[in-house]
Amino acid sequence: MNVDYIIVGCGLAGISFCEKLKEQDKTFVVFDDGSQQSSIVAGGLYNPVTLKRFTSVWKSEAQLEVALPVYKKLEDKLGVSLDYKIPVKRRFTSLEEQNNWFAASDKVGLKPFLNTSLFDNANPKINADFKLGEVLQTGRLDTKQLSDSYKGYLLEHNLLVTDSFNHADLVIEDSSVIYKTITAKHIVFAEGFGIKQNPFFKDLPLGGTKGQLLTIHAPDLKLDYVLKSSVFVIPLGDDMYRVGSTYEQKDKTNTITQEARDMLLDKLKTFVDCDFQVVSQVAGVRPTVKDRKPLVGRHQTNQNVYLFNGLGSRGVMIAPFVANQLFDFIEKNVPLDQEIDCSRFF
Ligand SMILES: Cc1cc2nc3c(=O)[nH]c(=O)nc-3n(C[C@H](O)[C@H](O)[C@H](O)COP(=O)(O)OP(=O)(O)OC[C@H]3O[C@@H](n4cnc5c(N)ncnc54)[C@H](O)[C@@H]3O)c2cc1C
């Protein structure tokens, strides 16, 4: 088999890059072994503001401009709903926080995203004495649906190999790479935290931050927006909500823990007062980098070997934007934004 690209990894990074390749009439084959779960378990929120300190996210406007049309196109192509527009409201815990919100809403980069009218809490099951602030241009992408449907689409077109990619079997030549029976012009590794098994890029400073989320059934809660307090509460429909998530640095497994469940429930109960049942719990490892920027670019010595990683805790917004940059870099020699180029760590 001869293709333009081999892609390793079919999470948000891999999917975004495949879509760019399709758009540009490039041929490819994807490997995915299900060893990482980040894109499958993600809360799926896209939100251009950091809600802890009210700061703007790097290139948020440009990211949204690229990402939302890509997801719309994927909805049409896959015949599923993926993008649920829903407001995100930040619960304030003091007057000082309200003041910080107003100060932030005046700043360039944040103005388009912070509603300056504060909302009284009208929900008797929520405790929010200091009102709520609304972030604009937010939503939830159903990343599990995207992952399932996209893999189904790739399988149908014989473009997905559901097996581990074994790096030791890759032969790199001057103008191609060969993997078993496949010859490609380029290979792009989009393995998320699986990078730790990749001999080409494993020494880059990708730390990995485990996250766990609960799904609860809360018939009395009646929330029609995403509520951000010490944890997010994300409505899924049918009285189901996702609650999370944790940020764990030591454990790098996809295993759920009682400790995380207790911690999430303790936090939830500080601002939600109604009966609910925990329906499920999930865990995954976010591919995080210490400077909070993606890790993208070309291998130091192998010209046909590329990396698409480091999407951190905001893969939904950033993946399609970075896919464009990586494609232009490989195919048109357009330099990558220095802030995301993995060569910053070489
Ligand atoms: C609990 C939690 C909540 C989150 N919430 C949000 C959120 O609300 N909004 C948001 O934007 N982001 C969120 N994220 C972050 C988001 O999930 C990540 O940014 C994104 O999923 C990273 O995508 P990726 O494709 O780089 O990695 P991954 O999703 O990890 O995908 C990598 C893929 O590569 C495959 N792979 C790895 N090694 C190999 C190999 N050797 N052979 C074959 N296949 C291989 C894996 O099986 C996997 O499918 C959350 C993450 C977690 C864990």
# chains A, B, ... in the order shown; residues from 1 in each chain; ligands from 1
>>> residues_near_ligand(ligand="ligand 1", cutoff="7 Å", atoms="only C-alpha atoms and all ligand atoms", output="ChimeraX atom specification")
/A:8-14,31-46,163-166,190-195,197,210-213,245-246,283-287,309-317
>>> residues_around(residues="segment 290-300 of chain A", least_positions_apart="6", cutoff="10 Å", atoms="only C-alpha atoms", output="PyMOL selection string")
chain A and resi 58+187-190+200-201+204-208+306-315+318-319+322-323+325-327+329-330+335-346
>>> closest_residue(among="A:Leu227, A:Thr93, A:Tyr71, A:Asn115", to="Gln145 of chain A", atoms="only C-alpha atoms")
A:Tyr71
>>> select_by_dssp(residues="segment 24-248 of chain A", states="strand (DSSP E or B)", output="NGL selection string")
:A and (28-31 or 45-46 or 49-50 or 55-56 or 83-85 or 88-91 or 114 or 119 or 126 or 132-135 or 139-141 or 160-161 or 170-172 or 177-179 or 182-189 or 206 or 209-217 or 226-228 or 232-237 or 240-244 or 248)
>>> atom_distance(atom1="atom CA of Thr162 of chain A", atom2="atom CA of Ile182 of chain A")
14.9 Å
>>> closest_residue(among="A:Ser149, A:Ser175, A:Thr55, A:Ser229", to="Ser105 of chain A", atoms="only C-alpha atoms")
A:Thr55
>>> residues_around(residues="Asp224 of chain A", least_positions_apart="2", cutoff="9 Å", atoms="only C-alpha atoms", output="MDAnalysis selection string")
chainID A and resid 86:87 222 226:227 234:235 237
>>> write_last_selection(atoms="N, CA, C and O atoms", output="mmCIF file, in the first residue's frame")
data_model
loop_
_atom_site.group_PDB
_atom_site.id
_atom_site.type_symbol
_atom_site.label_atom_id
_atom_site.label_comp_id
_atom_site.auth_asym_id
_atom_site.auth_seq_id
_atom_site.Cartn_x
_atom_site.Cartn_y
_atom_site.Cartn_z
ATOM 1 N N ILE A 86 -24.058 25.623 24.297
ATOM 2 C CA ILE A 86 -24.629 25.771 25.642
ATOM 3 C C ILE A 86 -23.795 26.788 26.419
ATOM 4 O O ILE A 86 -22.561 26.770 26.324
ATOM 5 N N PRO A 87 -24.462 27.717 27.138
ATOM 6 C CA PRO A 87 -23.682 28.707 27.880
ATOM 7 C C PRO A 87 -22.912 28.068 29.035
ATOM 8 O O PRO A 87 -23.350 27.064 29.594
ATOM 9 N N LYS A 222 -32.375 20.234 37.010
ATOM 10 C CA LYS A 222 -32.932 21.119 35.965
ATOM 11 C C LYS A 222 -31.996 22.267 35.592
ATOM 12 O O LYS A 222 -32.365 23.444 35.621
ATOM 13 N N VAL A 226 -23.938 25.077 31.494
ATOM 14 C CA VAL A 226 -22.802 24.436 32.172
ATOM 15 C C VAL A 226 -22.440 25.303 33.362
ATOM 16 O O VAL A 226 -22.229 26.509 33.209
ATOM 17 N N LEU A 227 -22.398 24.704 34.521
ATOM 18 C CA LEU A 227 -22.067 25.463 35.725
ATOM 19 C C LEU A 227 -20.623 25.183 36.116
ATOM 20 O O LEU A 227 -20.221 24.033 36.291
ATOM 21 N N ILE A 234 -21.975 19.571 33.772
ATOM 22 C CA ILE A 234 -22.267 19.726 32.341
ATOM 23 C C ILE A 234 -23.529 18.941 31.983
ATOM 24 O O ILE A 234 -23.537 17.707 32.069
ATOM 25 N N PRO A 235 -24.617 19.634 31.608
ATOM 26 C CA PRO A 235 -25.845 18.912 31.244
ATOM 27 C C PRO A 235 -25.659 18.086 29.969
ATOM 28 O O PRO A 235 -25.096 18.570 28.987
ATOM 29 N N GLY A 237 -28.487 16.147 28.894
ATOM 30 C CA GLY A 237 -29.855 15.811 28.464
ATOM 31 C C GLY A 237 -30.385 14.657 29.297
ATOM 32 O O GLY A 237 -29.614 13.911 29.923
#
>>> atom_distance(atom1="atom CA of Phe92 of chain A", atom2="atom CA of Leu114 of chain A")
13.8 Å
>>> residues_around(residues="Phe28 of chain A", least_positions_apart="3", cutoff="12 Å", atoms="only C-alpha atoms", output="PDB file with all heavy atoms, in the first residue's frame")
ATOM      1  N   MET A   1       0.843  -1.200   0.000  1.00  0.00           N
ATOM      2  CA  MET A   1       0.000   0.000   0.000  1.00  0.00           C
ATOM      3  C   MET A   1       0.882   1.256   0.000  1.00  0.00           C
ATOM      4  O   MET A   1       1.833   1.340   0.771  1.00  0.00           O
ATOM      5  CB  MET A   1      -0.880  -0.004   1.265  1.00  0.00           C
ATOM      6  CG  MET A   1      -1.852   1.151   1.364  1.00  0.00           C
ATOM      7  SD  MET A   1      -2.482   1.387   3.044  1.00  0.00           S
ATOM      8  CE  MET A   1      -3.915   0.365   3.040  1.00  0.00           C
ATOM      9  N   ASN A   2       0.546   2.191  -0.853  1.00  0.00           N
ATOM     10  CA  ASN A   2       1.251   3.478  -0.911  1.00  0.00           C
ATOM     11  C   ASN A   2       0.311   4.602  -0.504  1.00  0.00           C
ATOM     12  O   ASN A   2      -0.772   4.730  -1.087  1.00  0.00           O
ATOM     13  CB  ASN A   2       1.704   3.760  -2.348  1.00  0.00           C
ATOM     14  CG  ASN A   2       3.087   3.214  -2.581  1.00  0.00           C
ATOM     15  OD1 ASN A   2       4.057   3.722  -2.021  1.00  0.00           O
ATOM     16  ND2 ASN A   2       3.175   2.173  -3.384  1.00  0.00           N
ATOM     17  N   VAL A   3       0.713   5.385   0.486  1.00  0.00           N
ATOM     18  CA  VAL A   3      -0.129   6.517   0.906  1.00  0.00           C
ATOM     19  C   VAL A   3       0.761   7.746   1.124  1.00  0.00           C
ATOM     20  O   VAL A   3       1.989   7.620   1.217  1.00  0.00           O
ATOM     21  CB  VAL A   3      -0.894   6.211   2.224  1.00  0.00           C
ATOM     22  CG1 VAL A   3      -2.038   5.250   2.015  1.00  0.00           C
ATOM     23  CG2 VAL A   3       0.043   5.717   3.313  1.00  0.00           C
ATOM     24  N   ASP A   4       0.099   8.891   1.245  1.00  0.00           N
ATOM     25  CA  ASP A   4       0.873  10.102   1.566  1.00  0.00           C
ATOM     26  C   ASP A   4       1.293  10.091   3.036  1.00  0.00           C
ATOM     27  O   ASP A   4       2.401  10.485   3.373  1.00  0.00           O
ATOM     28  CB  ASP A   4       0.022  11.354   1.282  1.00  0.00           C
ATOM     29  CG  ASP A   4      -0.263  11.523  -0.206  1.00  0.00           C
ATOM     30  OD1 ASP A   4       0.685  11.340  -0.999  1.00  0.00           O
ATOM     31  OD2 ASP A   4      -1.423  11.805  -0.580  1.00  0.00           O
ATOM     32  N   TYR A   5       0.359   9.651   3.912  1.00  0.00           N
ATOM     33  CA  TYR A   5       0.627   9.755   5.360  1.00  0.00           C
ATOM     34  C   TYR A   5       0.241   8.486   6.121  1.00  0.00           C
ATOM     35  O   TYR A   5      -0.803   7.873   5.838  1.00  0.00           O
ATOM     36  CB  TYR A   5      -0.220  10.875   5.977  1.00  0.00           C
ATOM     37  CG  TYR A   5       0.275  12.270   5.682  1.00  0.00           C
ATOM     38  CD1 TYR A   5      -0.055  12.894   4.476  1.00  0.00           C
ATOM     39  CD2 TYR A   5       1.041  12.974   6.604  1.00  0.00           C
ATOM     40  CE1 TYR A   5       0.385  14.189   4.197  1.00  0.00           C
ATOM     41  CE2 TYR A   5       1.485  14.271   6.335  1.00  0.00           C
ATOM     42  CZ  TYR A   5       1.156  14.870   5.132  1.00  0.00           C
ATOM     43  OH  TYR A   5       1.587  16.143   4.871  1.00  0.00           O
ATOM     44  N   ILE A   6       1.056   8.140   7.113  1.00  0.00           N
ATOM     45  CA  ILE A   6       0.621   7.227   8.178  1.00  0.00           C
ATOM     46  C   ILE A   6       0.356   8.120   9.395  1.00  0.00           C
ATOM     47  O   ILE A   6       1.184   8.971   9.735  1.00  0.00           O
ATOM     48  CB  ILE A   6       1.720   6.192   8.535  1.00  0.00           C
ATOM     49  CG1 ILE A   6       1.999   5.264   7.340  1.00  0.00           C
ATOM     50  CG2 ILE A   6       1.320   5.385   9.763  1.00  0.00           C
ATOM     51  CD1 ILE A   6       3.200   4.346   7.542  1.00  0.00           C
ATOM     52  N   ILE A   7      -0.802   7.902  10.031  1.00  0.00           N
ATOM     53  CA  ILE A   7      -1.124   8.644  11.255  1.00  0.00           C
ATOM     54  C   ILE A   7      -1.183   7.624  12.384  1.00  0.00           C
ATOM     55  O   ILE A   7      -1.889   6.612  12.258  1.00  0.00           O
ATOM     56  CB  ILE A   7      -2.518   9.322  11.172  1.00  0.00           C
ATOM     57  CG1 ILE A   7      -2.736  10.064   9.855  1.00  0.00           C
ATOM     58  CG2 ILE A   7      -2.767  10.238  12.367  1.00  0.00           C
ATOM     59  CD1 ILE A   7      -1.910  11.265   9.670  1.00  0.00           C
ATOM     60  N   VAL A   8      -0.514   7.893  13.472  1.00  0.00           N
ATOM     61  CA  VAL A   8      -0.608   7.001  14.633  1.00  0.00           C
ATOM     62  C   VAL A   8      -1.404   7.720  15.716  1.00  0.00           C
ATOM     63  O   VAL A   8      -0.943   8.723  16.269  1.00  0.00           O
ATOM     64  CB  VAL A   8       0.785   6.587  15.155  1.00  0.00           C
ATOM     65  CG1 VAL A   8       0.639   5.600  16.315  1.00  0.00           C
ATOM     66  CG2 VAL A   8       1.611   5.983  14.026  1.00  0.00           C
ATOM     67  N   GLY A  14      -5.432  13.176  15.975  1.00  0.00           N
ATOM     68  CA  GLY A  14      -5.430  12.346  14.768  1.00  0.00           C
ATOM     69  C   GLY A  14      -6.627  12.644  13.873  1.00  0.00           C
ATOM     70  O   GLY A  14      -6.485  12.798  12.649  1.00  0.00           O
ATOM     71  N   ILE A  15      -7.792  12.754  14.469  1.00  0.00           N
ATOM     72  CA  ILE A  15      -9.015  13.014  13.683  1.00  0.00           C
ATOM     73  C   ILE A  15      -8.893  14.359  12.956  1.00  0.00           C
ATOM     74  O   ILE A  15      -9.207  14.474  11.763  1.00  0.00           O
ATOM     75  CB  ILE A  15     -10.273  12.988  14.590  1.00  0.00           C
ATOM     76  CG1 ILE A  15     -10.525  11.574  15.106  1.00  0.00           C
ATOM     77  CG2 ILE A  15     -11.491  13.541  13.857  1.00  0.00           C
ATOM     78  CD1 ILE A  15     -11.612  11.464  16.164  1.00  0.00           C
ATOM     79  N   PHE A  17      -6.255  15.949  12.059  1.00  0.00           N
ATOM     80  CA  PHE A  17      -5.273  15.907  10.971  1.00  0.00           C
ATOM     81  C   PHE A  17      -5.823  15.116   9.780  1.00  0.00           C
ATOM     82  O   PHE A  17      -5.650  15.520   8.631  1.00  0.00           O
ATOM     83  CB  PHE A  17      -3.930  15.359  11.453  1.00  0.00           C
ATOM     84  CG  PHE A  17      -2.813  15.733  10.531  1.00  0.00           C
ATOM     85  CD1 PHE A  17      -2.384  17.049  10.445  1.00  0.00           C
ATOM     86  CD2 PHE A  17      -2.225  14.796   9.711  1.00  0.00           C
ATOM     87  CE1 PHE A  17      -1.382  17.424   9.546  1.00  0.00           C
ATOM     88  CE2 PHE A  17      -1.218  15.158   8.813  1.00  0.00           C
ATOM     89  CZ  PHE A  17      -0.798  16.480   8.735  1.00  0.00           C
ATOM     90  N   CYS A  18      -6.501  14.006  10.045  1.00  0.00           N
ATOM     91  CA  CYS A  18      -7.113  13.233   8.948  1.00  0.00           C
ATOM     92  C   CYS A  18      -8.081  14.103   8.150  1.00  0.00           C
ATOM     93  O   CYS A  18      -8.128  14.031   6.917  1.00  0.00           O
ATOM     94  CB  CYS A  18      -7.908  12.051   9.500  1.00  0.00           C
ATOM     95  SG  CYS A  18      -6.894  10.762  10.185  1.00  0.00           S
ATOM     96  N   GLU A  19      -8.871  14.908   8.857  1.00  0.00           N
ATOM     97  CA  GLU A  19      -9.848  15.752   8.154  1.00  0.00           C
ATOM     98  C   GLU A  19      -9.151  16.777   7.258  1.00  0.00           C
ATOM     99  O   GLU A  19      -9.614  17.080   6.166  1.00  0.00           O
ATOM    100  CB  GLU A  19     -10.750  16.464   9.164  1.00  0.00           C
ATOM    101  CG  GLU A  19     -11.880  15.605   9.643  1.00  0.00           C
ATOM    102  CD  GLU A  19     -12.700  15.060   8.468  1.00  0.00           C
ATOM    103  OE1 GLU A  19     -13.539  15.785   7.921  1.00  0.00           O
ATOM    104  OE2 GLU A  19     -12.495  13.884   8.096  1.00  0.00           O
ATOM    105  N   LYS A  20      -8.037  17.294   7.739  1.00  0.00           N
ATOM    106  CA  LYS A  20      -7.260  18.241   6.923  1.00  0.00           C
ATOM    107  C   LYS A  20      -6.729  17.522   5.683  1.00  0.00           C
ATOM    108  O   LYS A  20      -6.779  18.060   4.567  1.00  0.00           O
ATOM    109  CB  LYS A  20      -6.101  18.797   7.767  1.00  0.00           C
ATOM    110  CG  LYS A  20      -5.340  19.895   7.101  1.00  0.00           C
ATOM    111  CD  LYS A  20      -6.177  21.162   6.968  1.00  0.00           C
ATOM    112  CE  LYS A  20      -5.553  22.136   5.999  1.00  0.00           C
ATOM    113  NZ  LYS A  20      -6.429  23.283   5.715  1.00  0.00           N
ATOM    114  N   LEU A  21      -6.262  16.289   5.875  1.00  0.00           N
ATOM    115  CA  LEU A  21      -5.727  15.527   4.741  1.00  0.00           C
ATOM    116  C   LEU A  21      -6.821  15.239   3.718  1.00  0.00           C
ATOM    117  O   LEU A  21      -6.615  15.354   2.513  1.00  0.00           O
ATOM    118  CB  LEU A  21      -5.102  14.214   5.229  1.00  0.00           C
ATOM    119  CG  LEU A  21      -3.853  14.358   6.104  1.00  0.00           C
ATOM    120  CD1 LEU A  21      -3.355  12.987   6.557  1.00  0.00           C
ATOM    121  CD2 LEU A  21      -2.740  15.086   5.353  1.00  0.00           C
ATOM    122  N   LYS A  22      -8.002  14.869   4.221  1.00  0.00           N
ATOM    123  CA  LYS A  22      -9.139  14.604   3.319  1.00  0.00           C
ATOM    124  C   LYS A  22      -9.449  15.845   2.499  1.00  0.00           C
ATOM    125  O   LYS A  22      -9.630  15.783   1.279  1.00  0.00           O
ATOM    126  CB  LYS A  22     -10.377  14.244   4.145  1.00  0.00           C
ATOM    127  CG  LYS A  22     -10.525  12.766   4.402  1.00  0.00           C
ATOM    128  CD  LYS A  22     -11.313  12.089   3.267  1.00  0.00           C
ATOM    129  CE  LYS A  22     -11.036  10.610   3.265  1.00  0.00           C
ATOM    130  NZ  LYS A  22     -11.070   9.962   1.987  1.00  0.00           N
ATOM    131  N   GLN A  24      -7.616  18.147   1.614  1.00  0.00           N
ATOM    132  CA  GLN A  24      -6.551  18.467   0.656  1.00  0.00           C
ATOM    133  C   GLN A  24      -6.251  17.294  -0.292  1.00  0.00           C
ATOM    134  O   GLN A  24      -5.183  17.265  -0.924  1.00  0.00           O
ATOM    135  CB  GLN A  24      -5.281  18.858   1.412  1.00  0.00           C
ATOM    136  CG  GLN A  24      -5.444  20.080   2.308  1.00  0.00           C
ATOM    137  CD  GLN A  24      -5.639  21.362   1.522  1.00  0.00           C
ATOM    138  OE1 GLN A  24      -5.018  21.565   0.480  1.00  0.00           O
ATOM    139  NE2 GLN A  24      -6.530  22.223   2.000  1.00  0.00           N
ATOM    140  N   ASP A  25      -7.159  16.305  -0.306  1.00  0.00           N
ATOM    141  CA  ASP A  25      -7.009  15.156  -1.218  1.00  0.00           C
ATOM    142  C   ASP A  25      -5.717  14.374  -1.026  1.00  0.00           C
ATOM    143  O   ASP A  25      -5.125  13.893  -1.994  1.00  0.00           O
ATOM    144  CB  ASP A  25      -7.110  15.600  -2.683  1.00  0.00           C
ATOM    145  CG  ASP A  25      -8.541  15.928  -3.044  1.00  0.00           C
ATOM    146  OD1 ASP A  25      -9.442  15.297  -2.469  1.00  0.00           O
ATOM    147  OD2 ASP A  25      -8.733  16.838  -3.873  1.00  0.00           O
ATOM    148  N   PHE A  31      -3.473   4.264  12.522  1.00  0.00           N
ATOM    149  CA  PHE A  31      -3.364   3.173  13.497  1.00  0.00           C
ATOM    150  C   PHE A  31      -3.932   3.651  14.825  1.00  0.00           C
ATOM    151  O   PHE A  31      -3.625   4.768  15.257  1.00  0.00           O
ATOM    152  CB  PHE A  31      -1.884   2.780  13.722  1.00  0.00           C
ATOM    153  CG  PHE A  31      -1.311   2.001  12.585  1.00  0.00           C
ATOM    154  CD1 PHE A  31      -0.924   2.630  11.418  1.00  0.00           C
ATOM    155  CD2 PHE A  31      -1.173   0.617  12.672  1.00  0.00           C
ATOM    156  CE1 PHE A  31      -0.411   1.912  10.348  1.00  0.00           C
ATOM    157  CE2 PHE A  31      -0.661  -0.107  11.617  1.00  0.00           C
ATOM    158  CZ  PHE A  31      -0.276   0.535  10.443  1.00  0.00           C
ATOM    159  N   LEU A 154     -13.756   5.461   9.251  1.00  0.00           N
ATOM    160  CA  LEU A 154     -12.439   5.037   8.746  1.00  0.00           C
ATOM    161  C   LEU A 154     -12.438   3.538   8.434  1.00  0.00           C
ATOM    162  O   LEU A 154     -11.912   3.104   7.409  1.00  0.00           O
ATOM    163  CB  LEU A 154     -11.337   5.342   9.773  1.00  0.00           C
ATOM    164  CG  LEU A 154     -11.008   6.820  10.035  1.00  0.00           C
ATOM    165  CD1 LEU A 154      -9.948   6.932  11.128  1.00  0.00           C
ATOM    166  CD2 LEU A 154     -10.519   7.526   8.767  1.00  0.00           C
ATOM    167  N   HIS A 157     -14.020   2.631   5.230  1.00  0.00           N
ATOM    168  CA  HIS A 157     -13.219   2.976   4.053  1.00  0.00           C
ATOM    169  C   HIS A 157     -11.829   2.328   4.092  1.00  0.00           C
ATOM    170  O   HIS A 157     -10.925   2.754   3.353  1.00  0.00           O
ATOM    171  CB  HIS A 157     -13.084   4.500   3.926  1.00  0.00           C
ATOM    172  CG  HIS A 157     -14.388   5.169   3.615  1.00  0.00           C
ATOM    173  ND1 HIS A 157     -15.328   5.462   4.582  1.00  0.00           N
ATOM    174  CD2 HIS A 157     -14.937   5.556   2.435  1.00  0.00           C
ATOM    175  CE1 HIS A 157     -16.375   6.024   4.014  1.00  0.00           C
ATOM    176  NE2 HIS A 157     -16.168   6.092   2.712  1.00  0.00           N
ATOM    177  N   ASN A 158     -11.671   1.317   4.939  1.00  0.00           N
ATOM    178  CA  ASN A 158     -10.380   0.603   5.068  1.00  0.00           C
ATOM    179  C   ASN A 158      -9.205   1.540   5.349  1.00  0.00           C
ATOM    180  O   ASN A 158      -8.115   1.365   4.808  1.00  0.00           O
ATOM    181  CB  ASN A 158     -10.068  -0.184   3.787  1.00  0.00           C
ATOM    182  CG  ASN A 158     -10.973  -1.378   3.675  1.00  0.00           C
ATOM    183  OD1 ASN A 158     -11.255  -2.041   4.678  1.00  0.00           O
ATOM    184  ND2 ASN A 158     -11.451  -1.643   2.470  1.00  0.00           N
ATOM    185  N   LEU A 159      -9.455   2.534   6.207  1.00  0.00           N
ATOM    186  CA  LEU A 159      -8.388   3.501   6.502  1.00  0.00           C
ATOM    187  C   LEU A 159      -7.872   3.380   7.935  1.00  0.00           C
ATOM    188  O   LEU A 159      -7.012   4.151   8.359  1.00  0.00           O
ATOM    189  CB  LEU A 159      -8.913   4.937   6.287  1.00  0.00           C
ATOM    190  CG  LEU A 159      -9.364   5.287   4.865  1.00  0.00           C
ATOM    191  CD1 LEU A 159      -9.981   6.678   4.825  1.00  0.00           C
ATOM    192  CD2 LEU A 159      -8.187   5.203   3.910  1.00  0.00           C
ATOM    193  N   LEU A 160      -8.446   2.430   8.694  1.00  0.00           N
ATOM    194  CA  LEU A 160      -8.051   2.311  10.112  1.00  0.00           C
ATOM    195  C   LEU A 160      -7.535   0.913  10.414  1.00  0.00           C
ATOM    196  O   LEU A 160      -8.184  -0.081  10.071  1.00  0.00           O
ATOM    197  CB  LEU A 160      -9.262   2.616  11.012  1.00  0.00           C
ATOM    198  CG  LEU A 160      -9.042   2.482  12.517  1.00  0.00           C
ATOM    199  CD1 LEU A 160      -8.006   3.489  13.033  1.00  0.00           C
ATOM    200  CD2 LEU A 160     -10.358   2.682  13.286  1.00  0.00           C
ATOM    201  N   VAL A 161      -6.380   0.857  11.048  1.00  0.00           N
ATOM    202  CA  VAL A 161      -5.844  -0.420  11.540  1.00  0.00           C
ATOM    203  C   VAL A 161      -5.971  -0.390  13.067  1.00  0.00           C
ATOM    204  O   VAL A 161      -5.369   0.460  13.724  1.00  0.00           O
ATOM    205  CB  VAL A 161      -4.354  -0.587  11.150  1.00  0.00           C
ATOM    206  CG1 VAL A 161      -3.824  -1.933  11.631  1.00  0.00           C
ATOM    207  CG2 VAL A 161      -4.165  -0.423   9.648  1.00  0.00           C
ATOM    208  N   ILE A 182       3.235  -0.999   4.285  1.00  0.00           N
ATOM    209  CA  ILE A 182       2.773   0.361   3.917  1.00  0.00           C
ATOM    210  C   ILE A 182       3.977   1.277   3.660  1.00  0.00           C
ATOM    211  O   ILE A 182       4.875   1.379   4.501  1.00  0.00           O
ATOM    212  CB  ILE A 182       1.914   0.976   5.042  1.00  0.00           C
ATOM    213  CG1 ILE A 182       0.756   0.044   5.392  1.00  0.00           C
ATOM    214  CG2 ILE A 182       1.406   2.362   4.655  1.00  0.00           C
ATOM    215  CD1 ILE A 182       0.055   0.406   6.689  1.00  0.00           C
ATOM    216  N   THR A 183       3.953   1.948   2.524  1.00  0.00           N
ATOM    217  CA  THR A 183       4.971   2.965   2.253  1.00  0.00           C
ATOM    218  C   THR A 183       4.258   4.325   2.235  1.00  0.00           C
ATOM    219  O   THR A 183       3.196   4.472   1.607  1.00  0.00           O
ATOM    220  CB  THR A 183       5.632   2.728   0.876  1.00  0.00           C
ATOM    221  OG1 THR A 183       6.212   1.426   0.897  1.00  0.00           O
ATOM    222  CG2 THR A 183       6.720   3.749   0.601  1.00  0.00           C
ATOM    223  N   ALA A 184       4.835   5.289   2.966  1.00  0.00           N
ATOM    224  CA  ALA A 184       4.209   6.611   3.039  1.00  0.00           C
ATOM    225  C   ALA A 184       5.270   7.689   2.874  1.00  0.00           C
ATOM    226  O   ALA A 184       6.455   7.464   3.160  1.00  0.00           O
ATOM    227  CB  ALA A 184       3.505   6.772   4.385  1.00  0.00           C
ATOM    228  N   LYS A 185       4.813   8.869   2.456  1.00  0.00           N
ATOM    229  CA  LYS A 185       5.769   9.987   2.353  1.00  0.00           C
ATOM    230  C   LYS A 185       6.126  10.511   3.745  1.00  0.00           C
ATOM    231  O   LYS A 185       7.243  10.934   3.983  1.00  0.00           O
ATOM    232  CB  LYS A 185       5.141  11.118   1.532  1.00  0.00           C
ATOM    233  CG  LYS A 185       5.018  10.782   0.062  1.00  0.00           C
ATOM    234  CD  LYS A 185       4.422  11.971  -0.694  1.00  0.00           C
ATOM    235  CE  LYS A 185       4.061  11.548  -2.103  1.00  0.00           C
ATOM    236  NZ  LYS A 185       2.908  12.255  -2.632  1.00  0.00           N
ATOM    237  N   HIS A 186       5.096  10.509   4.646  1.00  0.00           N
ATOM    238  CA  HIS A 186       5.310  11.084   5.973  1.00  0.00           C
ATOM    239  C   HIS A 186       4.612  10.224   7.023  1.00  0.00           C
ATOM    240  O   HIS A 186       3.622   9.555   6.728  1.00  0.00           O
ATOM    241  CB  HIS A 186       4.687  12.487   6.087  1.00  0.00           C
ATOM    242  CG  HIS A 186       4.997  13.392   4.938  1.00  0.00           C
ATOM    243  ND1 HIS A 186       6.212  14.009   4.784  1.00  0.00           N
ATOM    244  CD2 HIS A 186       4.238  13.781   3.885  1.00  0.00           C
ATOM    245  CE1 HIS A 186       6.189  14.751   3.687  1.00  0.00           C
ATOM    246  NE2 HIS A 186       4.997  14.624   3.113  1.00  0.00           N
ATOM    247  N   ILE A 187       5.085  10.348   8.259  1.00  0.00           N
ATOM    248  CA  ILE A 187       4.354   9.740   9.378  1.00  0.00           C
ATOM    249  C   ILE A 187       4.134  10.810  10.438  1.00  0.00           C
ATOM    250  O   ILE A 187       5.031  11.610  10.724  1.00  0.00           O
ATOM    251  CB  ILE A 187       5.099   8.506   9.949  1.00  0.00           C
ATOM    252  CG1 ILE A 187       4.260   7.861  11.052  1.00  0.00           C
ATOM    253  CG2 ILE A 187       6.499   8.842  10.491  1.00  0.00           C
ATOM    254  CD1 ILE A 187       4.672   6.426  11.376  1.00  0.00           C
ATOM    255  N   VAL A 188       2.892  10.846  10.976  1.00  0.00           N
ATOM    256  CA  VAL A 188       2.562  11.816  12.027  1.00  0.00           C
ATOM    257  C   VAL A 188       2.144  11.035  13.267  1.00  0.00           C
ATOM    258  O   VAL A 188       1.189  10.250  13.218  1.00  0.00           O
ATOM    259  CB  VAL A 188       1.417  12.764  11.583  1.00  0.00           C
ATOM    260  CG1 VAL A 188       0.997  13.677  12.738  1.00  0.00           C
ATOM    261  CG2 VAL A 188       1.841  13.602  10.383  1.00  0.00           C
TER     262      VAL A 188
END
>>> residues_around(residues="Gln281 of chain A", least_positions_apart="3", cutoff="7 Å", atoms="only C-alpha atoms", output="list in words")
Leu213, Leu214, Thr215 and Ile256 of chain A
>>> closest_residue(among="A:Leu118, A:Asp239, A:Leu132, A:Gly109", to="Lys59 of chain A", atoms="only C-alpha atoms")
A:Gly109
